Amino acid sequence: MNYELLKQKMDKFFQEVKPGQIAAQLQRMGYKVVDIEESKVCLEEVKSISSLHVNELPDIPGMSFNNAGEYSYAMAA
Amino acid sequence: MIITGYHGTDAANLKGIIADGFLESENDTWLGNAVYFFVEGISALDCSADAANWAKDQSYGGYGKPKKYHRYVVLETDIPTDDDLMLDLTVRDGARWFNDFRRKYLEQLRREGKMVQGEVLDSHILNAIREEIGIEFVKGEVYIRFGKDRIDRIHSRIANVTIFAVNNPNKNIPKNNIKVHSKGNIL
């Protein structure tokens, strides 16, 4: 394995990746790609089930549970 | 570098593989779409035995149903690899590179205001890496639940075999390197 070359190729890919390219690739693989805003609607429904214990709340991709007991987005800087 | 790999399959496939070479298979649970070989690594068994066990397990047709096939073959193949097209997940740099790629890939998606519904599989990230980076060889350690493990009701996340996934088999696996290592009946 040529680690330095792999790093260069990765940097080049993320510099040159076009908007929508990754979403389209994931969709070709069979994933449903949704708008984050759209997924918030689902999140509100989850949060409204107040009787659920924290540990019983489902995992939501890209979300984490903070100390204040709220879901939050792990957004990139 | 030459890597010797062992591929277990239905004996009925032998003629086709010898004549036309291997075909990539779609795989969601291991290292993505590729031709797979068991290679020397962490297995407690000889890797040719892993290949034989895999081939035997794959003959299982379901509870109370006949086996899908009754003879297996293990093919041994010397695979000339190209370091520039290789991702080795069995070493720390390779695993770290994969994790970094996946993190950046999904961060880029989020920056565009999108996210995936459902779980993102390693195999699919590796398929994306093949498309975008041009990797043709992936070595990795995975847990494969062999038939005996099922009987023993083992559920594990600790890898038990080292596997080698090869793309573009017509280019990367010379047909004259493919030879029969062993074969047998499946009881």
# chains A, B, ... in the order shown; residues from 1 in each chain; ligands from 1
>>> select_by_dssp(residues="chain B", states="strand (DSSP E)", output="PyMOL selection string")
chain B and resi 2-10+35-38+71-80+86-88+114-117+137-142+161-166+178-185
>>> residues_around(residues="Gln8 (chain A)", least_positions_apart="6", cutoff="12 Å", atoms="only C-alpha atoms", output="list in words")
Asn2, Phe14 and Gln15 of chain A; Asp84, Trp97, Phe101 and Ile133 of chain B
>>> write_last_selection(atoms="N, CA and C atoms", output="PDB file, in the first residue's frame")
ATOM      1  N   ASN A   2       0.543   2.180  -0.860  1.00  0.00           N
ATOM      2  CA  ASN A   2       1.281   3.440  -0.941  1.00  0.00           C
ATOM      3  C   ASN A   2       0.454   4.508  -0.218  1.00  0.00           C
ATOM      4  N   PHE A  14     -11.512  15.203  -2.649  1.00  0.00           N
ATOM      5  CA  PHE A  14     -12.372  16.115  -1.883  1.00  0.00           C
ATOM      6  C   PHE A  14     -12.216  17.579  -2.312  1.00  0.00           C
ATOM      7  N   GLN A  15     -11.113  17.890  -2.967  1.00  0.00           N
ATOM      8  CA  GLN A  15     -10.978  19.241  -3.536  1.00  0.00           C
ATOM      9  C   GLN A  15     -11.833  19.390  -4.787  1.00  0.00           C
TER      10      GLN A  15
ATOM     11  N   ASP B  84       0.246   0.778  -5.574  1.00  0.00           N
ATOM     12  CA  ASP B  84      -0.423   2.063  -5.808  1.00  0.00           C
ATOM     13  C   ASP B  84      -1.939   1.915  -5.906  1.00  0.00           C
ATOM     14  N   TRP B  97      -6.883   5.668   7.092  1.00  0.00           N
ATOM     15  CA  TRP B  97      -7.210   6.317   5.815  1.00  0.00           C
ATOM     16  C   TRP B  97      -8.679   6.069   5.465  1.00  0.00           C
ATOM     17  N   PHE B 101     -11.544   8.880   5.042  1.00  0.00           N
ATOM     18  CA  PHE B 101     -12.316   9.025   3.802  1.00  0.00           C
ATOM     19  C   PHE B 101     -13.810   9.036   4.123  1.00  0.00           C
ATOM     20  N   ILE B 133     -11.241   6.722  -6.119  1.00  0.00           N
ATOM     21  CA  ILE B 133      -9.790   6.728  -5.886  1.00  0.00           C
ATOM     22  C   ILE B 133      -9.081   5.748  -6.817  1.00  0.00           C
TER      23      ILE B 133
END
>>> residues_around(residues="Val142 (chain B)", least_positions_apart="2", cutoff="12 Å", atoms="only C-alpha atoms", output="PyMOL selection string")
chain B and resi 29-31+38-39+41-43+89-90+122-123+139-140+144-146+156-165
>>> closest_atom_pairs(of="chain A", to="chain B", cutoff="8 Å", atoms="only C-alpha atoms", output="JSON lines")
{"residue": "A:Met1", "atom": "CA", "partner": "B:Asp83", "partner_atom": "CA", "distance": 4.5}
{"residue": "A:Asn2", "atom": "CA", "partner": "B:Asp84", "partner_atom": "CA", "distance": 5.3}
{"residue": "A:Tyr3", "atom": "CA", "partner": "B:Asp93", "partner_atom": "CA", "distance": 7.0}
{"residue": "A:Leu5", "atom": "CA", "partner": "B:Asp84", "partner_atom": "CA", "distance": 7.0}
{"residue": "A:Leu6", "atom": "CA", "partner": "B:Asp84", "partner_atom": "CA", "distance": 7.8}
{"residue": "A:Lys7", "atom": "CA", "partner": "B:Trp97", "partner_atom": "CA", "distance": 7.4}
{"residue": "A:Lys9", "atom": "CA", "partner": "B:Ile133", "partner_atom": "CA", "distance": 6.2}
{"residue": "A:Met10", "atom": "CA", "partner": "B:Ile133", "partner_atom": "CA", "distance": 6.9}
{"residue": "A:Phe13", "atom": "CA", "partner": "B:Glu132", "partner_atom": "CA", "distance": 7.0}
{"residue": "A:Phe14", "atom": "CA", "partner": "B:Lys104", "partner_atom": "CA", "distance": 7.7}
{"residue": "A:Pro19", "atom": "CA", "partner": "B:Glu112", "partner_atom": "CA", "distance": 7.0}
{"residue": "A:Gly20", "atom": "CA", "partner": "B:Glu112", "partner_atom": "CA", "distance": 7.6}
{"residue": "A:Ile22", "atom": "CA", "partner": "B:Leu109", "partner_atom": "CA", "distance": 6.5}
{"residue": "A:Ala23", "atom": "CA", "partner": "B:Leu109", "partner_atom": "CA", "distance": 6.6}
{"residue": "A:Gln25", "atom": "CA", "partner": "B:Ala128", "partner_atom": "CA", "distance": 7.4}
{"residue": "A:Met29", "atom": "CA", "partner": "B:His124", "partner_atom": "CA", "distance": 7.2}
{"residue": "A:Tyr31", "atom": "CA", "partner": "B:Val116", "partner_atom": "CA", "distance": 6.6}
{"residue": "A:Lys32", "atom": "CA", "partner": "B:Gln117", "partner_atom": "CA", "distance": 5.6}
{"residue": "A:Val33", "atom": "CA", "partner": "B:Val116", "partner_atom": "CA", "distance": 4.5}
{"residue": "A:Val34", "atom": "CA", "partner": "B:Met115", "partner_atom": "CA", "distance": 5.5}
{"residue": "A:Asp35", "atom": "CA", "partner": "B:Lys114", "partner_atom": "CA", "distance": 4.5}
{"residue": "A:Ile36", "atom": "CA", "partner": "B:Lys114", "partner_atom": "CA", "distance": 5.2}
{"residue": "A:Glu37", "atom": "CA", "partner": "B:Gly113", "partner_atom": "CA", "distance": 7.6}
{"residue": "A:Pro61", "atom": "CA", "partner": "B:Gln117", "partner_atom": "CA", "distance": 7.1}
{"residue": "A:Gly62", "atom": "CA", "partner": "B:Met115", "partner_atom": "CA", "distance": 7.3}
{"residue": "A:Met75", "atom": "CA", "partner": "B:Arg110", "partner_atom": "CA", "distance": 6.8}
{"residue": "A:Ala76", "atom": "CA", "partner": "B:Glu107", "partner_atom": "CA", "distance": 5.8}
>>> select_by_dssp(residues="chain B", states="helix (DSSP H, G or I)", output="PyMOL selection string")
chain B and resi 11-20+47-58+83-85+92-111+122-133+147-151+169-172+175-177
>>> closest_residue(among="B:Ala51, B:Ala12, B:Ala34, B:Leu126", to="Lys68 (chain B)", atoms="only C-alpha atoms")
B:Ala12
>>> closest_residue(among="B:Asp10, B:Glu141, B:Asp149, B:Glu136", to="Ile79 (chain B)", atoms="only C-alpha atoms")
B:Glu136
>>> residues_around(residues="Glu40 (chain B)", least_positions_apart="4", cutoff="8 Å", atoms="only C-alpha atoms", output="PyMOL selection string")
chain B and resi 4-5+46-47+162
>>> write_last_selection(atoms="all heavy atoms", output="PDB file, in the first residue's frame")
ATOM      1  N   THR B   4      -0.812 -14.900  -2.328  1.00  0.00           N
ATOM      2  CA  THR B   4      -1.469 -16.166  -2.657  1.00  0.00           C
ATOM      3  C   THR B   4      -2.813 -16.224  -1.945  1.00  0.00           C
ATOM      4  O   THR B   4      -2.885 -16.069  -0.719  1.00  0.00           O
ATOM      5  CB  THR B   4      -0.588 -17.362  -2.232  1.00  0.00           C
ATOM      6  OG1 THR B   4       0.666 -17.249  -2.911  1.00  0.00           O
ATOM      7  CG2 THR B   4      -1.244 -18.687  -2.605  1.00  0.00           C
ATOM      8  N   GLY B   5      -3.864 -16.398  -2.745  1.00  0.00           N
ATOM      9  CA  GLY B   5      -5.208 -16.420  -2.186  1.00  0.00           C
ATOM     10  C   GLY B   5      -5.920 -17.725  -2.497  1.00  0.00           C
ATOM     11  O   GLY B   5      -5.583 -18.422  -3.468  1.00  0.00           O
ATOM     12  N   ASP B  46      -5.512 -22.824   8.473  1.00  0.00           N
ATOM     13  CA  ASP B  46      -4.878 -22.535   7.195  1.00  0.00           C
ATOM     14  C   ASP B  46      -5.934 -21.845   6.325  1.00  0.00           C
ATOM     15  O   ASP B  46      -7.100 -22.223   6.359  1.00  0.00           O
ATOM     16  CB  ASP B  46      -4.451 -23.878   6.576  1.00  0.00           C
ATOM     17  CG  ASP B  46      -3.715 -23.670   5.281  1.00  0.00           C
ATOM     18  OD1 ASP B  46      -4.400 -23.451   4.271  1.00  0.00           O
ATOM     19  OD2 ASP B  46      -2.478 -23.700   5.299  1.00  0.00           O
ATOM     20  N   CYS B  47      -5.518 -20.834   5.550  1.00  0.00           N
ATOM     21  CA  CYS B  47      -6.545 -20.091   4.808  1.00  0.00           C
ATOM     22  C   CYS B  47      -7.194 -20.935   3.714  1.00  0.00           C
ATOM     23  O   CYS B  47      -8.330 -20.649   3.310  1.00  0.00           O
ATOM     24  CB  CYS B  47      -6.038 -18.759   4.289  1.00  0.00           C
ATOM     25  SG  CYS B  47      -4.411 -18.753   3.619  1.00  0.00           S
ATOM     26  N   THR B 162      -8.618 -13.251   7.360  1.00  0.00           N
ATOM     27  CA  THR B 162      -8.067 -12.174   6.533  1.00  0.00           C
ATOM     28  C   THR B 162      -8.487 -12.465   5.099  1.00  0.00           C
ATOM     29  O   THR B 162      -8.301 -13.586   4.605  1.00  0.00           O
ATOM     30  CB  THR B 162      -6.528 -12.130   6.629  1.00  0.00           C
ATOM     31  OG1 THR B 162      -6.184 -12.067   8.015  1.00  0.00           O
ATOM     32  CG2 THR B 162      -5.971 -10.921   5.908  1.00  0.00           C
TER      33      THR B 162
END
>>> residues_around(residues="Pro169 (chain B)", least_positions_apart="6", cutoff="9 Å", atoms="only C-alpha atoms", output="PyMOL selection string")
chain B and resi 21-24+34-35
>>> atom_distance(atom1="CA of Asn13 (chain B)", atom2="CA of Pro174 (chain B)")
17.2 Å
>>> closest_residue(among="B:Ser25, B:Ser59, B:Asn33, B:Asn176", to="Asp78 (chain B)", atoms="only C-alpha atoms")
B:Asn176
>>> atom_distance(atom1="CA of Gly8 (chain B)", atom2="CA of Phe37 (chain B)")
8.1 Å
